[in-house]
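Peer 1: Dropping in work18.txt, with compact mmCIF, C-alpha atoms.
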# COMPACT_ATOMS: atom_id res chain seq x y z
CA MET A 1148 -140.77 -77.35 -58.96
CA GLY A 1149 -139.61 -73.95 -57.92
CA GLN A 1150 -139.53 -74.71 -54.19
CA GLY A 1151 -135.91 -75.82 -53.81
CA LYS A 1152 -134.90 -79.44 -53.95
CA SER A 1153 -137.63 -81.88 -54.88
CA ARG A 1154 -138.72 -84.54 -52.39
CA VAL A 1155 -138.52 -87.10 -55.17
CA LEU A 1156 -135.11 -88.75 -55.12
CA ASN A 1157 -133.80 -90.80 -58.01
CA GLN A 1158 -131.00 -93.14 -59.00
CA ILE A 1159 -130.91 -92.14 -62.64
CA ARG A 1160 -127.27 -91.13 -62.73
CA GLN A 1161 -126.12 -94.41 -61.21
CA LEU A 1162 -128.40 -96.41 -63.48
CA ARG A 1163 -127.10 -94.59 -66.55
CA PHE A 1164 -123.54 -95.47 -65.68
CA ALA A 1165 -124.57 -99.05 -65.00
CA HIS A 1166 -126.21 -99.26 -68.42
CA GLN A 1167 -123.18 -98.98 -70.64
CA GLU A 1168 -122.51 -95.43 -69.49
CA MET A 1169 -125.61 -94.08 -71.14
CA THR A 1170 -125.37 -90.32 -71.59
CA GLN A 1171 -128.02 -87.85 -70.54
CA GLN A 1172 -128.68 -87.10 -74.21
CA MET A 1173 -129.18 -90.76 -75.03
CA LEU A 1174 -131.65 -91.20 -72.20
CA ALA A 1175 -133.42 -87.97 -73.16
CA ASP A 1176 -133.82 -89.10 -76.76
CA ARG A 1177 -135.25 -92.45 -75.69
CA VAL A 1178 -137.63 -90.96 -73.14
CA GLY A 1179 -138.73 -88.04 -75.31
CA VAL A 1180 -137.54 -85.09 -73.27
CA THR A 1181 -134.62 -82.68 -73.57
CA ARG A 1182 -131.19 -83.36 -72.10
CA GLN A 1183 -131.67 -80.36 -69.84
CA THR A 1184 -134.79 -81.98 -68.38
CA ILE A 1185 -132.87 -85.16 -67.58
CA HIS A 1186 -130.19 -83.02 -65.92
CA ALA A 1187 -132.82 -81.18 -63.85
CA ILE A 1188 -134.39 -84.49 -62.77
CA GLU A 1189 -131.02 -85.93 -61.73
CA ALA A 1190 -130.23 -82.76 -59.79
CA GLY A 1191 -133.50 -83.07 -57.90
CA LYS A 1192 -134.73 -79.73 -59.18
CA TYR A 1193 -137.56 -81.09 -61.29
CA SER A 1194 -140.01 -83.92 -60.64
CA PRO A 1195 -141.08 -85.59 -63.87
CA SER A 1196 -144.63 -86.51 -64.72
CA LEU A 1197 -145.79 -90.05 -64.06
CA GLU A 1198 -145.56 -90.87 -67.74
CA VAL A 1199 -141.97 -89.68 -68.05
CA ALA A 1200 -141.06 -91.48 -64.82
CA PHE A 1201 -142.45 -94.74 -66.21
CA ARG A 1202 -140.60 -94.23 -69.48
CA ILE A 1203 -137.33 -93.72 -67.62
CA SER A 1204 -137.90 -96.84 -65.55
CA ARG A 1205 -138.68 -98.82 -68.67
CA GLU A 1206 -135.39 -97.76 -70.25
CA PHE A 1207 -133.53 -99.25 -67.29
CA ASN A 1208 -135.77 -102.31 -67.05
CA CYS A 1209 -136.36 -101.46 -63.41
CA PRO A 1210 -139.47 -101.03 -61.30
CA LEU A 1211 -140.48 -97.43 -60.75
CA GLU A 1212 -139.62 -97.59 -57.05
CA GLN A 1213 -136.08 -98.65 -57.85
CA VAL A 1214 -135.54 -95.53 -59.94
CA PHE A 1215 -137.55 -92.99 -57.90
CA GLN A 1216 -138.10 -92.68 -54.17
CA TYR A 1217 -140.21 -90.22 -52.21
CA ARG A 1218 -138.69 -88.59 -49.18
CA ASP A 1219 -141.11 -87.57 -46.47
CA SER A 1220 -140.35 -86.39 -42.97
CA ALA A 1221 -140.26 -89.96 -41.67
CA THR A 1222 -137.88 -91.21 -44.33
CA PRO A 1223 -134.19 -90.68 -43.70
CA GLU A 1224 -132.25 -89.30 -46.61
CA SER A 1225 -130.70 -92.17 -48.49
CA GLY A 1226 -129.50 -92.86 -51.98
CA ALA A 1227 -127.47 -90.24 -53.73
CA GLN A 1228 -129.18 -88.29 -56.45
CA MET B 1434 -125.32 -77.07 -68.42
CA ASN B 1435 -125.70 -75.63 -71.91
CA SER B 1436 -129.05 -74.32 -72.98
CA SER B 1437 -131.73 -76.08 -74.98
CA PHE B 1438 -133.00 -74.75 -78.29
CA HIS B 1439 -136.19 -73.63 -76.54
CA GLU B 1440 -134.23 -71.56 -74.06
CA ARG B 1441 -132.26 -69.97 -76.87
CA SER B 1442 -135.54 -69.24 -78.63
CA ILE B 1443 -136.73 -67.40 -75.54
CA TRP B 1444 -133.56 -65.32 -75.50
CA ILE B 1445 -134.15 -64.45 -79.15
CA GLN B 1446 -137.73 -63.42 -78.46
CA LEU B 1447 -136.77 -61.32 -75.44
CA LEU B 1448 -133.86 -59.48 -77.02
CA SER B 1449 -135.69 -58.86 -80.30
CA LEU B 1450 -138.78 -57.55 -78.48
CA ILE B 1451 -136.72 -55.17 -76.36
CA GLY B 1452 -134.59 -54.04 -79.29
CA VAL B 1453 -137.23 -53.63 -81.97
CA LEU B 1454 -140.07 -52.33 -79.82
CA GLY B 1455 -137.62 -50.20 -77.91
CA TYR B 1456 -136.68 -48.63 -81.23
CA TYR B 1457 -140.39 -48.10 -81.96
CA PHE B 1458 -141.04 -46.30 -78.69
CA ILE B 1459 -137.99 -44.08 -79.15
CA ALA B 1460 -139.05 -43.19 -82.70
CA ALA B 1461 -142.65 -42.63 -81.61
CA TRP B 1462 -141.48 -40.44 -78.75
CA ARG B 1463 -139.52 -38.27 -81.15
CA MET B 1464 -142.55 -37.97 -83.42
CA TRP B 1465 -144.67 -36.93 -80.44
CA GLU B 1466 -142.07 -34.37 -79.36
CA SER B 1467 -142.19 -32.88 -82.85
CA GLY B 1468 -145.92 -32.34 -82.36
CA GLU B 1469 -147.45 -35.36 -84.08
CA THR B 1470 -150.40 -36.63 -82.00
CA GLN B 1471 -152.61 -38.23 -84.65
CA ILE B 1472 -152.53 -41.99 -84.21
CA GLY B 1473 -152.76 -42.54 -87.96
CA ALA B 1474 -149.35 -41.01 -88.42
CA TYR B 1475 -147.82 -43.79 -86.34
CA VAL B 1476 -149.31 -46.65 -88.36
CA PRO B 1477 -146.50 -46.85 -90.97
CA LEU B 1478 -143.91 -46.85 -88.20
CA PHE B 1479 -145.81 -49.59 -86.33
CA ILE B 1480 -146.21 -51.74 -89.44
CA SER B 1481 -142.52 -51.46 -90.27
CA THR B 1482 -141.72 -52.36 -86.65
CA VAL B 1483 -143.83 -55.51 -86.82
CA VAL B 1484 -142.23 -56.54 -90.11
CA LEU B 1485 -138.77 -55.91 -88.69
CA LEU B 1486 -139.60 -57.94 -85.57
CA VAL B 1487 -140.78 -60.88 -87.65
CA VAL B 1488 -137.71 -60.78 -89.90
CA VAL B 1489 -135.31 -60.53 -86.95
CA GLN B 1490 -136.93 -63.44 -85.12
CA VAL B 1491 -137.11 -65.66 -88.19
CA VAL B 1492 -133.46 -65.05 -89.10
CA ALA B 1493 -132.30 -65.54 -85.52
CA HIS B 1494 -134.25 -68.75 -85.11
CA ILE B 1495 -132.88 -70.12 -88.36
CA ALA B 1496 -129.37 -69.32 -87.16
CA ALA B 1497 -130.06 -70.98 -83.80
CA ALA B 1498 -131.42 -74.07 -85.55
CA LEU B 1499 -128.32 -74.29 -87.72
CA ILE B 1500 -126.08 -74.15 -84.66
CA SER B 1501 -127.86 -76.92 -82.81
CA ARG B 1502 -130.64 -79.35 -83.44
CA PRO B 1503 -134.05 -77.87 -82.63
CA GLU B 1504 -136.01 -79.89 -80.09
CA THR B 1505 -139.72 -80.10 -79.48
CA PRO B 1506 -140.59 -78.41 -76.18
CA ASP B 1507 -141.07 -81.11 -73.55
CA GLU B 1508 -143.21 -81.18 -70.40
CA ARG B 1509 -140.69 -79.14 -68.40
CA ASP B 1510 -140.55 -76.46 -71.10
CA ARG B 1511 -144.34 -76.28 -71.14
CA LEU B 1512 -144.56 -76.09 -67.36
CA ILE B 1513 -141.97 -73.31 -67.19
CA GLY B 1514 -143.90 -71.45 -69.88
CA TRP B 1515 -147.26 -71.83 -68.14
CA ARG B 1516 -145.77 -70.79 -64.81
CA ALA B 1517 -144.27 -67.65 -66.33
CA ALA B 1518 -147.46 -66.80 -68.19
CA SER B 1519 -149.61 -67.08 -65.06
CA ARG B 1520 -147.20 -64.85 -63.13
CA SER B 1521 -147.08 -62.13 -65.79
CA ALA B 1522 -150.67 -62.04 -67.02
CA TRP B 1523 -151.64 -59.40 -64.45
CA ILE B 1524 -149.46 -56.83 -66.23
CA LEU B 1525 -151.55 -57.01 -69.40
CA ALA B 1526 -154.73 -56.98 -67.31
CA VAL B 1527 -153.63 -53.81 -65.51
CA GLY B 1528 -152.70 -52.19 -68.80
CA THR B 1529 -156.03 -53.09 -70.39
CA LEU B 1530 -158.06 -51.80 -67.45
CA SER B 1531 -156.00 -48.63 -67.44
CA ALA B 1532 -156.65 -48.14 -71.15
CA ILE B 1533 -160.39 -48.61 -70.63
CA THR B 1534 -160.26 -46.05 -67.83
CA LEU B 1535 -158.47 -43.58 -70.07
CA MET B 1536 -161.04 -44.15 -72.82
CA VAL B 1537 -163.87 -43.37 -70.43
CA MET B 1538 -162.03 -40.22 -69.37
CA GLY B 1539 -161.81 -39.15 -73.01
CA VAL B 1540 -158.02 -39.31 -73.32
CA GLU B 1541 -156.63 -39.17 -76.87
CA LEU B 1542 -156.41 -42.41 -78.78
CA PHE B 1543 -152.67 -41.86 -79.20
CA TRP B 1544 -152.06 -42.45 -75.46
CA ILE B 1545 -154.48 -45.35 -75.19
CA ALA B 1546 -152.94 -47.21 -78.11
CA HIS B 1547 -149.42 -46.77 -76.80
CA LEU B 1548 -150.44 -47.71 -73.27
CA LEU B 1549 -151.84 -50.99 -74.59
CA LEU B 1550 -148.72 -51.60 -76.64
CA LEU B 1551 -146.51 -50.89 -73.65
CA ALA B 1552 -148.57 -53.24 -71.47
CA MET B 1553 -148.19 -56.00 -74.04
CA LEU B 1554 -144.44 -55.40 -74.23
CA LEU B 1555 -144.01 -55.41 -70.45
CA ALA B 1556 -146.16 -58.52 -69.98
CA GLU B 1557 -144.33 -60.45 -72.67
CA THR B 1558 -140.84 -59.42 -71.59
CA THR B 1559 -141.71 -60.26 -67.98
CA LYS B 1560 -142.97 -63.69 -69.03
CA LEU B 1561 -139.84 -64.37 -71.07
CA THR B 1562 -137.58 -63.16 -68.26
CA LEU B 1563 -139.34 -65.40 -65.74
CA GLN B 1564 -138.87 -68.36 -68.08
CA LEU B 1565 -135.18 -67.62 -68.41
CA THR B 1566 -134.85 -67.27 -64.64
CA ASP B 1567 -136.32 -70.74 -64.18
CA TYR B 1568 -134.06 -72.19 -66.86
CA ARG B 1569 -130.94 -70.61 -65.35
CA ALA B 1570 -131.94 -71.92 -61.93
CA GLY B 1571 -131.81 -75.37 -63.46
CA LEU B 1572 -135.49 -76.09 -62.82
Could I get this structure in the form of structure tokens?

Peer 2:
Amino acid sequence: MGQGKSRVLNQIRQLRFAHQEMTQQMLADRVGVTRQTIHAIEAGKYSPSLEVAFRISREFNCPLEQVFQYRDSATPESGAQ
Amino acid sequence: MNSSFHERSIWIQLLSLIGVLGYYFIAAWRMWESGETQIGAYVPLFISTVVLLVVVQVVAHIAAALISRPETPDERDRLIGWRAASRSAWILAVGTLSAITLMVMGVELFWIAHLLLLAMLLAETTKLTLQLTDYRAGL
């Protein structure tokens, strides 16, 4: 946080749309964070804690790695945020 | 992206601090210019300032809560707050050490008290500004 784009990529926006067009507010209410936090996560500007990441994954019934990916220098950029 | 209740709360705190304590310092300056240097003479003004600050913040927060649903600060809000606090704490430390130095030098209590108050105001407004900067940056 605070150092530009996060290295943690995510598919939250796509998953929301795939789950009956869930809104950011709906996801935020279910996960227990603010809508602005969900927005910051989707924009790659904030990396959630492990607990919040697991909660998000649980809402989509997906494994954590399907929702979040870590980009290091060896990993090509893939998957839109 | 519209702002969360917590961000609006920070705006309320920042603007009320600047407005109300700014008024205090202006009024205190005028009292000092008129020749009043006894710290006791400033106590009623200070007490009324604190009461005014509390009233302004309570009313403003109630209004903000009526406009939109208040939310409990989440992990991102807490992190932004801790980050801002750690980056602004040095201001209060400098002010406190300066006040101690002035005490040792025998400077009047009037100046020491107002230096401490000014340090608190600067530290708090800096912290709040840093929080708002992070929020506006979308962090």

Peer 1: Which of these residues is nearest to chain A, using all atoms listed in the file: B:Gln1446, B:Thr1559, B:Gln1564, B:Ser1481?

Peer 2: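 Once distances to chain A are computed over all atoms listed in the file, the minimum belongs to B:Gln1564.
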
Peer 1: May I have the residues within 8 Å of Leu1548 of chain B as a PDB file with C-alpha atoms, in the frame of the given file, using all atoms listed in the file and disregarding those fewer than 3 positions away in the same chain?

Peer 2:
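Result went into result-v3.pdb, see below:
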ATOM      1  CA  GLY B1528    -152.700 -52.190 -68.800  1.00  0.00           C
ATOM      2  CA  ALA B1532    -156.650 -48.140 -71.150  1.00  0.00           C
ATOM      3  CA  TRP B1544    -152.060 -42.450 -75.460  1.00  0.00           C
ATOM      4  CA  ILE B1545    -154.480 -45.350 -75.190  1.00  0.00           C
ATOM      5  CA  LEU B1551    -146.510 -50.890 -73.650  1.00  0.00           C
ATOM      6  CA  ALA B1552    -148.570 -53.240 -71.470  1.00  0.00           C
TER       7      ALA B1552
END

Peer 1: With the cut-off set at 8 Å and counting only C-alpha atoms, tabulate each residue of chain B with an atom at most that distance from an atom of chain A, showing the nearest atom pair and its distance in Å to one decimal, ordered by chain and increasing number, as CSV.

Peer 2:
residue,atom,partner,partner_atom,distance
B:Met1434,CA,A:Gln1183,CA,7.3
B:Asn1435,CA,A:Gln1183,CA,7.9
B:Ser1436,CA,A:Gln1183,CA,7.3
B:Ser1437,CA,A:Gln1183,CA,6.7
B:Glu1504,CA,A:Thr1181,CA,7.2
B:Pro1506,CA,A:Thr1181,CA,7.8
B:Asp1507,CA,A:Val1180,CA,5.3
B:Glu1508,CA,A:Val1180,CA,7.5
B:Arg1509,CA,A:Thr1184,CA,6.5
B:Asp1567,CA,A:Gly1149,CA,7.8
B:Gly1571,CA,A:Ala1187,CA,5.9
B:Leu1572,CA,A:Lys1192,CA,5.2

Peer 1: List every protein, DNA or RNA residue that has at least one atom no more than 8 Å from (-131.5, -93.8, -66.2) in the file's coordinates, counting only C-alpha atoms, and write the result as an mmCIF file with C-alpha atoms, in the frame of the given file.

Peer 2:
data_model
loop_
_atom_site.group_PDB
_atom_site.id
_atom_site.type_symbol
_atom_site.label_atom_id
_atom_site.label_comp_id
_atom_site.auth_asym_id
_atom_site.auth_seq_id
_atom_site.Cartn_x
_atom_site.Cartn_y
_atom_site.Cartn_z
ATOM 1 C CA GLN A 1158 -131.000 -93.140 -59.000
ATOM 2 C CA ILE A 1159 -130.910 -92.140 -62.640
ATOM 3 C CA ARG A 1160 -127.270 -91.130 -62.730
ATOM 4 C CA GLN A 1161 -126.120 -94.410 -61.210
ATOM 5 C CA LEU A 1162 -128.400 -96.410 -63.480
ATOM 6 C CA ARG A 1163 -127.100 -94.590 -66.550
ATOM 7 C CA HIS A 1166 -126.210 -99.260 -68.420
ATOM 8 C CA MET A 1169 -125.610 -94.080 -71.140
ATOM 9 C CA LEU A 1174 -131.650 -91.200 -72.200
ATOM 10 C CA ILE A 1203 -137.330 -93.720 -67.620
ATOM 11 C CA SER A 1204 -137.900 -96.840 -65.550
ATOM 12 C CA GLU A 1206 -135.390 -97.760 -70.250
ATOM 13 C CA PHE A 1207 -133.530 -99.250 -67.290
ATOM 14 C CA VAL A 1214 -135.540 -95.530 -59.940
#

Peer 1: At what distance in Å, to one decimal, does atom CA of Thr1558 of chain B lie from atom CA of Ser1531 of chain B?

Peer 2: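 Pair atom CA of Ser1531 of chain B / atom CA of Thr1558 of chain B returns 19.1 Å.
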
Peer 1: Could you list, as a VMD selection string, every residue within 9 Å of Ser1442 of chain B, counting only C-alpha atoms and ignoring same-chain residues fewer than 3 positions away?

Peer 2: chain B and resid 1437 to 1439 1445 to 1447 1490 1493 to 1494 1497
